[in-house]
>>> print(open('data02.txt').read())   # compact mmCIF, C-alpha atoms and all ligand atoms
# COMPACT_ATOMS: atom_id res chain seq x y z
CA MET A 1 -29.85 16.79 20.18
CA ASN A 2 -27.14 19.34 19.38
CA ASN A 3 -26.52 20.67 15.87
CA PHE A 4 -23.86 18.80 13.97
CA GLU A 5 -22.13 18.22 10.65
CA PHE A 6 -20.88 14.77 9.80
CA LYS A 7 -18.53 13.71 7.06
CA ASN A 8 -16.14 10.79 7.11
CA PRO A 9 -14.26 10.30 3.85
CA THR A 10 -12.38 7.08 4.72
CA LYS A 11 -13.22 4.10 2.53
CA LEU A 12 -13.31 0.85 4.51
CA ILE A 13 -12.25 -2.31 2.71
CA PHE A 14 -13.26 -5.13 4.99
CA GLY A 15 -12.65 -8.84 5.00
CA ARG A 16 -10.39 -11.78 4.52
CA GLY A 17 -7.83 -11.50 1.74
CA GLN A 18 -8.49 -7.82 1.06
CA ILE A 19 -4.93 -6.50 1.49
CA VAL A 20 -4.39 -7.09 -2.23
CA ARG A 21 -6.92 -4.28 -2.87
CA ILE A 22 -4.51 -1.54 -1.79
CA ALA A 23 -3.05 -1.63 -5.30
CA ASP A 24 -6.37 -0.33 -6.67
CA GLU A 25 -6.56 2.50 -4.16
CA ILE A 26 -3.12 4.08 -4.44
CA PRO A 27 -2.81 6.33 -7.52
CA VAL A 28 -0.67 4.81 -10.29
CA GLY A 29 2.85 6.23 -10.31
CA SER A 30 2.84 7.22 -6.62
CA ARG A 31 6.08 7.27 -4.70
CA VAL A 32 5.03 5.40 -1.59
CA MET A 33 6.47 5.29 1.90
CA MET A 34 5.30 2.16 3.71
CA THR A 35 5.46 2.63 7.49
CA TYR A 36 5.39 -0.07 10.14
CA GLY A 37 6.27 -0.78 13.75
CA GLY A 38 8.65 -3.05 15.59
CA GLY A 39 8.35 -6.07 13.33
CA SER A 40 5.12 -7.94 14.11
CA ILE A 41 4.20 -7.69 10.42
CA PHE A 42 7.18 -9.87 9.49
CA LYS A 43 6.04 -12.68 11.77
CA ASN A 44 2.39 -12.87 10.73
CA GLY A 45 2.81 -12.61 6.96
CA ILE A 46 1.25 -9.15 6.61
CA TYR A 47 4.51 -7.66 5.31
CA ASP A 48 4.66 -10.19 2.47
CA GLN A 49 1.03 -9.55 1.50
CA VAL A 50 1.53 -5.79 1.43
CA LYS A 51 4.78 -6.01 -0.52
CA ALA A 52 3.15 -8.30 -3.08
CA ALA A 53 0.28 -5.84 -3.49
CA LEU A 54 2.72 -2.94 -3.94
CA LYS A 55 4.87 -4.67 -6.54
CA ASP A 56 4.14 -2.08 -9.24
CA PHE A 57 4.93 0.94 -7.06
CA GLN A 58 8.16 2.61 -6.01
CA VAL A 59 8.28 1.93 -2.29
CA VAL A 60 10.49 3.24 0.49
CA GLU A 61 10.10 1.31 3.75
CA PHE A 62 10.23 2.97 7.14
CA GLY A 63 10.01 0.60 10.12
CA GLY A 64 10.59 1.00 13.81
CA ILE A 65 7.70 3.27 14.75
CA GLU A 66 7.29 2.59 18.46
CA ALA A 67 4.17 1.94 20.51
CA ASN A 68 3.27 5.51 21.54
CA PRO A 69 4.99 6.84 18.42
CA GLU A 70 8.08 8.89 19.13
CA TYR A 71 8.50 12.36 17.67
CA ASP A 72 12.24 11.94 16.94
CA THR A 73 11.60 8.76 14.94
CA LEU A 74 8.86 10.43 12.93
CA VAL A 75 11.01 13.47 12.18
CA ARG A 76 13.56 11.09 10.63
CA ALA A 77 10.81 9.71 8.40
CA VAL A 78 9.75 13.22 7.39
CA HIS A 79 13.29 14.02 6.24
CA ILE A 80 13.39 10.84 4.14
CA CYS A 81 10.01 11.67 2.59
CA ARG A 82 11.22 15.15 1.66
CA GLU A 83 14.45 13.80 0.16
CA GLN A 84 12.70 11.03 -1.75
CA GLN A 85 9.72 13.15 -2.83
CA ILE A 86 7.24 10.74 -1.33
CA ASP A 87 3.67 11.57 -2.31
CA TYR A 88 1.71 8.70 -0.73
CA LEU A 89 1.98 6.98 2.66
CA LEU A 90 0.81 3.52 3.64
CA ALA A 91 0.63 2.69 7.35
CA VAL A 92 0.71 -1.02 8.21
CA GLY A 93 0.11 -1.64 11.90
CA GLY A 94 -1.82 -0.55 14.97
CA GLY A 95 -2.80 2.88 16.23
CA SER A 96 0.79 3.94 16.84
CA VAL A 97 1.92 3.30 13.26
CA ILE A 98 -1.20 4.97 11.87
CA ASP A 99 -0.89 7.97 14.21
CA GLY A 100 2.80 8.30 13.41
CA THR A 101 1.94 8.23 9.72
CA LYS A 102 -0.67 10.96 10.23
CA PHE A 103 2.04 13.08 11.79
CA ILE A 104 4.38 12.41 8.85
CA ALA A 105 1.55 13.27 6.44
CA ALA A 106 1.02 16.60 8.18
CA ALA A 107 4.73 17.36 8.58
CA ILE A 108 6.09 16.81 5.06
CA HIS A 109 4.85 20.19 3.79
CA TYR A 110 4.70 21.92 7.17
CA PRO A 111 6.12 25.41 6.70
CA GLY A 112 7.12 26.02 10.34
CA ALA A 113 10.65 25.49 11.69
CA SER A 114 9.64 23.17 14.54
CA LEU A 115 7.49 20.17 13.68
CA TRP A 116 6.51 19.90 17.37
CA ASP A 117 4.37 22.99 16.72
CA ILE A 118 1.98 20.73 14.77
CA LEU A 119 0.97 19.47 18.23
CA VAL A 120 1.47 22.39 20.55
CA ARG A 121 0.42 25.26 18.25
CA GLN A 122 -2.55 23.71 16.55
CA GLU A 123 -4.02 27.12 15.74
CA ASN A 124 -1.33 27.28 13.00
CA ASN A 125 -2.55 24.05 11.42
CA ARG A 126 -5.64 25.36 9.72
CA GLY A 127 -5.37 24.83 6.00
CA LEU A 128 -2.26 22.68 6.36
CA GLN A 129 -1.60 20.61 3.24
CA THR A 130 -1.27 16.91 4.15
CA VAL A 131 0.05 14.02 2.10
CA PRO A 132 -2.58 11.36 1.30
CA PHE A 133 -2.31 7.99 2.99
CA GLY A 134 -4.03 4.65 3.47
CA THR A 135 -3.79 2.04 6.22
CA VAL A 136 -3.72 -1.69 6.77
CA LEU A 137 -4.95 -2.19 10.33
CA THR A 138 -3.47 -4.93 12.51
CA LEU A 139 -4.83 -3.99 15.96
CA PRO A 140 -8.44 -3.01 16.73
CA ALA A 141 -8.39 -0.30 19.41
CA THR A 142 -7.88 3.32 18.50
CA GLY A 143 -10.24 3.93 15.60
CA SER A 144 -7.32 5.79 14.00
CA GLU A 145 -8.00 3.86 10.79
CA MET A 146 -11.16 5.96 10.30
CA ASN A 147 -10.57 9.26 12.07
CA CYS A 148 -8.38 12.32 11.66
CA GLY A 149 -6.73 12.35 15.08
CA ALA A 150 -3.33 11.16 16.29
CA VAL A 151 -1.36 11.12 19.53
CA ILE A 152 2.41 11.67 19.49
CA SER A 153 4.93 11.16 22.31
CA ARG A 154 8.20 12.96 22.98
CA ARG A 155 10.15 10.93 25.50
CA GLU A 156 12.87 13.56 25.96
CA LEU A 157 10.26 15.93 27.44
CA LYS A 158 8.08 13.16 28.92
CA GLU A 159 5.17 14.60 26.92
CA LYS A 160 2.34 13.08 24.90
CA PHE A 161 -0.15 15.23 23.00
CA PRO A 162 -3.02 14.66 20.57
CA PHE A 163 -3.66 16.61 17.40
CA SER A 164 -6.31 16.43 14.75
CA LEU A 165 -6.68 17.89 11.29
CA PRO A 166 -9.86 17.79 9.21
CA ASN A 167 -7.95 16.73 6.08
CA ASN A 168 -5.92 13.99 7.78
CA TYR A 169 -8.29 11.03 7.45
CA PRO A 170 -6.95 7.88 5.80
CA GLN A 171 -8.17 7.70 2.20
CA PHE A 172 -8.79 4.01 2.72
CA SER A 173 -8.30 1.41 5.43
CA VAL A 174 -8.10 -2.33 4.94
CA LEU A 175 -9.66 -4.27 7.82
CA ASP A 176 -8.80 -7.93 7.48
CA PRO A 177 -9.66 -9.71 10.75
CA THR A 178 -7.04 -12.38 10.06
CA ALA A 179 -4.34 -9.67 10.30
CA CYS A 180 -5.23 -9.50 14.02
CA PHE A 181 -4.94 -13.24 14.71
CA SER A 182 -1.36 -12.87 15.90
CA LEU A 183 -2.18 -10.30 18.59
CA PRO A 184 -0.97 -11.22 22.08
CA LYS A 185 -3.47 -11.15 24.94
CA ARG A 186 -2.02 -7.91 26.33
CA GLN A 187 -2.86 -6.02 23.13
CA LEU A 188 -6.30 -7.59 22.82
CA VAL A 189 -7.11 -6.43 26.36
CA ASN A 190 -5.75 -2.96 25.63
CA GLY A 191 -7.92 -2.80 22.53
CA ILE A 192 -11.10 -3.88 24.29
CA VAL A 193 -10.61 -1.37 27.11
CA ASP A 194 -9.64 1.45 24.73
CA THR A 195 -12.70 0.86 22.57
CA PHE A 196 -14.96 0.67 25.64
CA VAL A 197 -13.66 3.97 26.97
CA HIS A 198 -13.85 5.69 23.56
CA VAL A 199 -17.54 4.94 23.53
CA MET A 200 -17.86 6.20 27.10
CA GLU A 201 -16.10 9.49 26.35
CA GLN A 202 -18.85 10.23 23.82
CA TYR A 203 -21.79 8.62 25.64
CA LEU A 204 -21.36 9.02 29.39
CA THR A 205 -21.89 12.77 29.68
CA TYR A 206 -25.40 14.23 30.08
CA PRO A 207 -28.62 13.52 28.19
CA VAL A 208 -29.43 15.55 25.07
CA ASN A 209 -32.15 13.25 23.79
CA ALA A 210 -29.89 11.61 21.24
CA MET A 211 -31.65 8.29 21.16
CA ILE A 212 -29.96 6.84 18.08
CA GLN A 213 -26.46 7.79 19.23
CA ASP A 214 -27.16 6.33 22.68
CA ARG A 215 -28.36 3.05 21.21
CA PHE A 216 -25.39 2.87 18.83
CA SER A 217 -23.09 3.41 21.81
CA GLU A 218 -24.85 0.89 24.01
CA GLY A 219 -24.73 -1.59 21.13
CA ILE A 220 -20.95 -1.30 20.96
CA LEU A 221 -20.62 -1.58 24.75
CA GLN A 222 -22.86 -4.65 24.86
CA THR A 223 -20.93 -6.22 22.01
CA LEU A 224 -17.64 -5.72 23.87
CA VAL A 225 -19.08 -7.14 27.09
CA GLU A 226 -20.31 -10.16 25.14
CA ILE A 227 -17.33 -10.90 22.93
CA GLY A 228 -14.39 -9.44 24.88
CA PRO A 229 -14.04 -12.34 27.36
CA GLU A 230 -14.72 -14.84 24.58
CA ILE A 231 -11.93 -13.42 22.37
CA LEU A 232 -9.49 -13.71 25.28
CA ARG A 233 -10.61 -17.24 26.16
CA ARG A 234 -10.01 -18.71 22.68
CA GLN A 235 -6.76 -20.54 22.11
CA THR A 236 -7.31 -20.26 18.36
CA PRO A 237 -8.60 -16.90 17.08
CA ASP A 238 -12.14 -16.87 15.71
CA TYR A 239 -12.81 -14.92 12.50
CA ASP A 240 -16.29 -13.67 13.39
CA LEU A 241 -15.34 -12.62 16.90
CA MET A 242 -12.37 -10.68 15.54
CA ALA A 243 -14.52 -9.16 12.77
CA ASN A 244 -17.03 -7.87 15.31
CA PHE A 245 -14.27 -6.58 17.57
CA MET A 246 -12.71 -4.72 14.64
CA LEU A 247 -15.97 -3.04 13.74
CA SER A 248 -16.60 -2.13 17.38
CA ALA A 249 -13.24 -0.37 17.53
CA THR A 250 -13.60 1.40 14.18
CA PHE A 251 -17.14 2.62 14.87
CA GLY A 252 -16.23 3.48 18.44
CA LEU A 253 -14.13 6.39 17.22
CA ASN A 254 -14.97 7.32 13.65
CA GLY A 255 -17.22 10.24 14.55
CA LEU A 256 -20.55 8.43 14.18
CA ILE A 257 -21.49 8.16 17.86
CA ALA A 258 -20.22 11.69 18.54
CA ILE A 259 -22.71 13.43 16.26
CA GLY A 260 -24.97 15.85 18.11
CA VAL A 261 -23.79 14.90 21.61
CA PRO A 262 -21.43 16.40 24.20
CA GLU A 263 -18.03 14.72 24.63
CA ASP A 264 -15.80 14.26 27.65
CA TRP A 265 -12.22 12.97 26.89
CA ALA A 266 -10.92 13.73 30.40
CA SER A 267 -9.95 10.09 31.03
CA HIS A 268 -7.85 10.16 27.87
CA MET A 269 -6.08 13.42 28.68
CA ILE A 270 -5.24 12.21 32.20
CA GLY A 271 -4.22 8.81 30.83
CA HIS A 272 -1.81 10.39 28.33
CA GLU A 273 0.08 11.90 31.27
CA LEU A 274 0.45 8.45 32.87
CA THR A 275 1.89 7.09 29.61
CA ALA A 276 4.19 10.11 29.22
CA LEU A 277 5.52 9.85 32.78
CA HIS A 278 5.55 6.09 33.33
CA GLY A 279 5.21 4.39 29.93
CA LEU A 280 1.95 2.64 30.80
CA ASP A 281 0.10 1.18 27.80
CA HIS A 282 -2.70 3.50 26.65
CA GLY A 283 -5.42 0.93 27.40
CA VAL A 284 -4.02 0.38 30.89
CA THR A 285 -4.17 4.10 31.70
CA LEU A 286 -7.85 4.12 30.80
CA ALA A 287 -8.63 1.06 32.93
CA VAL A 288 -7.10 2.95 35.87
CA VAL A 289 -8.53 6.42 35.27
CA PHE A 290 -12.02 5.79 33.92
CA PRO A 291 -13.65 3.95 36.87
CA ALA A 292 -12.21 6.54 39.25
CA LEU A 293 -13.39 9.40 37.05
CA ILE A 294 -17.01 8.26 36.92
CA ASP A 295 -16.94 7.71 40.68
CA VAL A 296 -15.74 11.28 41.32
CA MET A 297 -17.91 12.87 38.59
CA ARG A 298 -21.07 10.95 39.49
CA ALA A 299 -23.14 14.06 40.26
CA GLU A 300 -22.59 15.54 36.78
CA LYS A 301 -22.91 12.20 34.99
CA LYS A 302 -25.74 10.75 37.06
CA GLU A 303 -28.48 10.40 34.44
CA LYS A 304 -26.30 8.75 31.83
CA MET A 305 -24.61 6.54 34.44
CA LEU A 306 -28.00 5.21 35.54
CA GLN A 307 -29.03 4.65 31.91
CA TYR A 308 -25.73 2.84 31.18
CA GLY A 309 -26.12 0.76 34.34
CA GLU A 310 -29.62 -0.30 33.40
CA ARG A 311 -29.05 -0.98 29.70
CA VAL A 312 -25.58 -2.54 29.80
CA TRP A 313 -25.39 -4.15 33.27
CA ASN A 314 -29.07 -4.56 34.15
CA ILE A 315 -28.67 -2.51 37.33
CA THR A 316 -32.24 -1.57 38.17
CA SER A 317 -32.74 -1.80 41.92
CA GLY A 318 -31.51 0.09 44.96
CA SER A 319 -31.30 3.78 45.78
CA GLU A 320 -29.71 6.13 43.25
CA ASP A 321 -26.45 6.14 45.17
CA GLU A 322 -26.41 2.36 45.44
CA ARG A 323 -26.99 2.05 41.71
CA LEU A 324 -24.20 4.54 40.95
CA ASP A 325 -21.87 2.54 43.23
CA ALA A 326 -22.90 -0.61 41.35
CA VAL A 327 -22.18 1.06 37.99
CA VAL A 328 -18.65 2.00 39.05
CA LYS A 329 -18.08 -1.50 40.42
CA ALA A 330 -19.44 -3.27 37.32
CA THR A 331 -17.15 -1.20 35.09
CA ARG A 332 -14.07 -1.80 37.22
CA ASP A 333 -14.92 -5.52 37.57
CA PHE A 334 -15.28 -5.82 33.79
CA PHE A 335 -11.79 -4.41 33.20
CA GLU A 336 -10.31 -6.58 35.96
CA SER A 337 -12.06 -9.65 34.53
CA LEU A 338 -10.17 -9.05 31.28
CA GLY A 339 -6.94 -9.26 33.26
CA VAL A 340 -5.98 -5.60 33.57
CA LYS A 341 -5.28 -4.04 36.97
CA THR A 342 -7.20 -0.85 37.67
CA ARG A 343 -5.29 0.81 40.52
CA LEU A 344 -2.32 3.18 40.30
CA SER A 345 -0.70 1.28 43.16
CA ASP A 346 -0.75 -1.87 41.02
CA TYR A 347 1.79 -0.08 38.81
CA GLY A 348 3.88 1.39 41.64
CA ILE A 349 2.50 4.88 40.99
CA GLY A 350 1.74 7.12 43.97
CA THR A 351 1.10 10.64 45.14
CA ASP A 352 4.29 12.13 43.61
CA THR A 353 2.93 11.46 40.14
CA ILE A 354 -0.47 12.84 41.08
CA ARG A 355 1.22 16.06 42.16
CA THR A 356 3.23 16.24 38.92
CA ILE A 357 0.13 15.78 36.77
CA THR A 358 -1.95 18.37 38.64
CA GLU A 359 0.95 20.84 38.43
CA ARG A 360 1.29 20.25 34.67
CA PHE A 361 -2.43 20.83 34.17
CA THR A 362 -2.30 23.96 36.32
CA GLN A 363 0.59 25.37 34.27
CA ARG A 364 -1.23 24.61 31.03
CA GLY A 365 -4.53 26.00 32.33
CA THR A 366 -6.22 22.69 31.48
CA ARG A 367 -9.97 22.34 32.06
CA LEU A 368 -11.42 19.01 31.04
CA GLY A 369 -14.76 17.24 30.79
CA GLU A 370 -18.04 17.86 29.00
CA HIS A 371 -18.69 20.97 31.13
CA GLY A 372 -15.05 22.07 31.47
CA THR A 373 -15.40 21.52 35.21
CA VAL A 374 -12.63 18.94 35.60
CA LEU A 375 -10.03 21.34 36.98
CA PRO A 376 -6.49 20.32 38.03
CA GLU A 377 -7.77 19.93 41.59
CA THR A 378 -10.50 17.57 40.31
CA VAL A 379 -7.87 15.58 38.41
CA GLY A 380 -6.06 15.20 41.73
CA ARG A 381 -9.22 13.82 43.35
CA ILE A 382 -9.76 11.40 40.45
CA LEU A 383 -6.20 10.09 40.65
CA ASN A 384 -6.38 9.80 44.44
CA ASN A 385 -9.56 7.77 43.99
CA ALA A 386 -7.56 5.50 41.63
CA LEU A 387 -4.69 4.88 44.07
O1 LIG B 1 5.21 -2.52 16.56
P1 LIG B 1 4.77 -3.89 16.21
O2 LIG B 1 5.88 -4.87 16.11
O3 LIG B 1 3.85 -3.93 15.03
O4 LIG B 1 3.95 -4.44 17.51
C1 LIG B 1 2.81 -3.80 18.01
C2 LIG B 1 3.06 -3.05 19.31
O5 LIG B 1 4.12 -3.61 20.01
C3 LIG B 1 1.84 -4.87 18.42
N1 LIG B 1 0.98 -5.34 17.32
C4 LIG B 1 0.20 -4.59 16.51
N2 LIG B 1 -0.47 -5.41 15.66
C5 LIG B 1 -0.08 -6.68 15.94
C6 LIG B 1 0.85 -6.63 16.99
N3 LIG B 1 1.42 -7.74 17.49
C7 LIG B 1 1.08 -8.92 16.94
N4 LIG B 1 0.17 -9.04 15.95
C8 LIG B 1 -0.43 -7.93 15.43
N5 LIG B 1 -1.37 -8.08 14.46
O6 LIG B 1 1.03 -4.25 19.42
C9 LIG B 1 1.81 -3.31 20.12
C10 LIG B 1 0.99 -2.08 20.37
O7 LIG B 1 0.69 -1.44 19.15
P2 LIG B 1 0.11 0.05 19.12
O8 LIG B 1 -0.07 0.44 17.72
O9 LIG B 1 0.94 0.92 20.01
O10 LIG B 1 -1.30 -0.13 19.87
P3 LIG B 1 -2.64 0.68 19.72
O11 LIG B 1 -3.31 0.38 18.44
O12 LIG B 1 -3.35 0.42 20.98
O13 LIG B 1 -2.18 2.21 19.64
C11 LIG B 1 -1.87 2.96 20.80
C12 LIG B 1 -1.56 4.40 20.42
O14 LIG B 1 -2.69 5.03 19.80
C13 LIG B 1 -3.03 6.23 20.52
C14 LIG B 1 -2.55 5.92 21.91
O15 LIG B 1 -2.44 7.07 22.71
C15 LIG B 1 -1.23 5.23 21.65
O16 LIG B 1 -0.22 6.17 21.38
N6 LIG B 1 -4.45 6.54 20.33
C16 LIG B 1 -4.83 7.04 19.14
C17 LIG B 1 -6.11 7.47 18.90
C18 LIG B 1 -6.53 8.01 17.60
N7 LIG B 1 -5.64 8.17 16.65
O17 LIG B 1 -7.69 8.32 17.38
C19 LIG B 1 -7.14 7.43 19.94
C20 LIG B 1 -6.79 6.60 21.11
O18 LIG B 1 -7.51 7.07 22.21
C21 LIG B 1 -5.35 6.56 21.46
O19 LIG B 1 -5.01 7.67 22.27
ZN ZN B 2 -8.03 5.70 23.50
>>> encode(input="data02.txt", output="structure tokens", more="lines below")
Ligand code: NZQ
Ligand code: ZN
Amino acid sequence: MNNFEFKNPTKLIFGRGQIVRIADEIPVGSRVMMTYGGGSIFKNGIYDQVKAALKDFQVVEFGGIEANPEYDTLVRAVHICREQQIDYLLAVGGGSVIDGTKFIAAAIHYPGASLWDILVRQENNRGLQTVPFGTVLTLPATGSEMNCGAVISRRELKEKFPFSLPNNYPQFSVLDPTACFSLPKRQLVNGIVDTFVHVMEQYLTYPVNAMIQDRFSEGILQTLVEIGPEILRRQTPDYDLMANFMLSATFGLNGLIAIGVPEDWASHMIGHELTALHGLDHGVTLAVVFPALIDVMRAEKKEKMLQYGERVWNITSGSEDERLDAVVKATRDFFESLGVKTRLSDYGIGTDTIRTITERFTQRGTRLGEHGTVLPETVGRILNNAL
């Protein structure tokens, strides 16, 4: 096991009817900006619950944060925060609203002239003062409710980049499973796939004898395999299924399973390009890239792929190569069984895009993967495998 430090300061407030608790968590007298997305919170009653809880605070509302939060929109919010002297943020929504709010939190006191530098010149971010914030989660997927990362898009440049700051964790996150009952199937599928691949990015690398982390990871994967199809099958949402899905997503990317182990994240970085260039949902990009990536990278990932195959899919017989083939197939079949297509051609994407992505990575000098061996040329092979 590798050396590690682990600290996660986010307080989770879990359960039915817990949105009211935000009033106890936000310091008295705060000037709050409440952020939200395209309006789902008006239809499912979450807006009313949050507003009732915030009745004793001065609140400025900022709605309209898009899926794949847009830089220009967030810059508008930053200007309002500066004008209104906002000193607390409350994100109410999915990963995009929370990520957008993390960007706002980092940008309000950012000394640089261009806020885009928060993403592209992260070496300048050390010691950056951020504004405190909490979240009310409405979509289990990203783990953003309990981590310090965010991903921001800039449509004008067709770019999408992640950033993370050690002091940009939510102070608290409310996880009420009933807030997710209104999710459409498309977002549930996205969330299941995203959570699955988050676990994989931290688990499917090479063995370092991290038995606890491996079992935690396999536990989340097995839970998703068990409850994912069931969540999608239900006409009426089930509280316990949603509760377990929420915890899978939160613990899939809150740092716990990453302690002391190597991490990959190549599928994510390639997927972000597909979203930036073609607007594909984040979960969809992962369903396309991940099976192709483990197929191409099977030599480097062999031991963990065989372990995953045995423990999650019960793949125990056949030659090594046959078992690795079966692992790729089981993973792809699982995603397809949820109703998401896993080929670039299913989305009308072809070799032009592959060329664009490999050129971008070449220009940026990008090297991905747990060994840094996923070079632009390798990315090309992975995407060709996904055609
Ligand atoms: O905007 P509204 O109207 O709220 O609708 C949203 C949006 O259209 C809707 N939705 C959310 N909760 C709902 C709901 N609809 C009905 N009922 C509810 N309870 O779902 C749509 C998608 O929402 P979004 O927040 O975009 O989805 P998700 O949570 O999957 O977030 C995706 C973003 O997070 C980034 C992705 O790259 C993408 O930009 N990620 C963030 C990470 C992180 N911070 O750690 C890690 C991830 O790997 C990921 O990259
Ligand atoms: Zn993700």
>>> atom_distance(input="data02.txt", atom1="CA of Asp214 in chain A", atom2="CA of Val151 in chain A")
26.4 Å
>>> residues_near_ligand(input="data02.txt", ligand="ligand ZN 2 (chain B)", cutoff="12 Å", atoms="all atoms listed in the file", output="number ranges by chain")
A: 68, 95-96, 99, 140-144, 149-151, 162, 190-202, 249-250, 252-253, 265-272, 275, 281-287, 289-290
>>> residues_around(input="data02.txt", residues="Ala292 in chain A", least_positions_apart="2", cutoff="7 Å", atoms="all atoms listed in the file", output="list in words")
Val289, Phe290, Ile294, Asp295, Val296, Ile382, Asn385 and Ala386 of chain A
>>> atom_distance(input="data02.txt", atom1="CA of Thr35 in chain A", atom2="CA of Ala77 in chain A")
8.9 Å
>>> residues_around(input="data02.txt", residues="range 232-246 of chain A", least_positions_apart="5", cutoff="7 Å", atoms="only C-alpha atoms", output="PyMOL selection string")
chain A and resi 140+177-178+181+185+227
>>> atom_distance(input="data02.txt", atom1="CA of Gln129 in chain A", atom2="CA of Asn167 in chain A")
8.0 Å
>>> residues_around(input="data02.txt", residues="Glu5 in chain A", least_positions_apart="6", cutoff="12 Å", atoms="all atoms listed in the file", output="list of chain:residue names")
A:Gly255, A:Leu256, A:Ala258, A:Ile259, A:Gly260, A:Val261
>>> residues_near_point(input="data02.txt", point="(-5.0, 1.7, 44.6)", cutoff="7 Å", atoms="all atoms listed in the file", output="PyMOL selection string")
chain A and resi 343-346+386-387
>>> closest_residue(input="data02.txt", among="A:Glu25, A:Glu123, A:Asp48, A:Glu273", to="ligand LIG 1 (chain B)", atoms="only C-alpha atoms and all ligand atoms")
A:Glu273
>>> closest_residue(input="data02.txt", among="A:Ala276, A:Ile212, A:Val189, A:Val225", to="Ile257 in chain A", atoms="all atoms listed in the file")
A:Ile212
>>> closest_residue(input="data02.txt", among="A:Gly112, A:Gly45, A:Gly372, A:Gly309", to="ligand LIG 1 (chain B)", atoms="all atoms listed in the file")
A:Gly45
>>> residues_around(input="data02.txt", residues="Arg367 in chain A", least_positions_apart="3", cutoff="12 Å", atoms="only C-alpha atoms", output="list of chain:residue names")
A:Asp264, A:Trp265, A:Ala266, A:Met269, A:Ile270, A:Thr358, A:Arg360, A:Phe361, A:Thr362, A:Gln363, A:Arg364, A:Glu370, A:His371, A:Gly372, A:Thr373, A:Val374, A:Leu375, A:Pro376, A:Glu377, A:Thr378, A:Val379
>>> closest_residue(input="data02.txt", among="A:Leu175, A:Ile354, A:Ala106, A:Leu90", to="Thr138 in chain A", atoms="all atoms listed in the file")
A:Leu175
>>> residues_near_point(input="data02.txt", point="(-25.2, 11.4, 37.5)", cutoff="10 Å", atoms="all atoms listed in the file", output="PyMOL selection string")
chain A and resi 204-206+294-295+297-307+320-321+324
>>> closest_residue(input="data02.txt", among="A:Val120, A:Arg16, A:Ser114, A:Arg155", to="Pro69 in chain A", atoms="only C-alpha atoms")
A:Arg155
>>> closest_residue(input="data02.txt", among="A:Pro132, A:His79, A:Gly365, A:Ile357", to="Asn384 in chain A", atoms="all atoms listed in the file")
A:Ile357
>>> decode(input="data02.txt", residues="range 169-177 of chain A", atoms="N, CA, C and O atoms", output="short mmCIF file (atom, residue, chain, number, x, y, z; two decimals), in the first residue's frame")
data_model
loop_
_atom_site.label_atom_id
_atom_site.label_comp_id
_atom_site.auth_asym_id
_atom_site.auth_seq_id
_atom_site.Cartn_x
_atom_site.Cartn_y
_atom_site.Cartn_z
N TYR A 169 -13.93 21.92 -0.41
CA TYR A 169 -14.94 20.90 -0.06
C TYR A 169 -16.21 21.60 0.41
O TYR A 169 -16.12 22.65 1.08
N PRO A 170 -17.38 21.02 0.13
CA PRO A 170 -18.58 21.55 0.78
C PRO A 170 -18.42 21.44 2.30
O PRO A 170 -17.86 20.45 2.79
N GLN A 171 -18.92 22.44 3.03
CA GLN A 171 -18.90 22.31 4.50
C GLN A 171 -19.90 21.26 4.96
O GLN A 171 -19.67 20.58 5.95
N PHE A 172 -21.03 21.20 4.26
CA PHE A 172 -22.01 20.15 4.55
C PHE A 172 -22.73 19.80 3.27
O PHE A 172 -22.76 20.60 2.31
N SER A 173 -23.27 18.59 3.22
CA SER A 173 -24.13 18.20 2.10
C SER A 173 -25.33 17.44 2.65
O SER A 173 -25.18 16.51 3.45
N VAL A 174 -26.51 17.86 2.20
CA VAL A 174 -27.74 17.16 2.58
C VAL A 174 -28.05 16.12 1.51
O VAL A 174 -28.16 16.45 0.33
N LEU A 175 -28.16 14.88 1.94
CA LEU A 175 -28.51 13.78 1.03
C LEU A 175 -29.87 13.23 1.43
O LEU A 175 -29.97 12.41 2.34
N ASP A 176 -30.89 13.73 0.79
CA ASP A 176 -32.24 13.22 1.04
C ASP A 176 -32.65 12.40 -0.19
O ASP A 176 -32.88 12.96 -1.27
N PRO A 177 -32.74 11.08 -0.05
CA PRO A 177 -33.05 10.24 -1.22
C PRO A 177 -34.33 10.66 -1.93
O PRO A 177 -34.42 10.53 -3.15
#
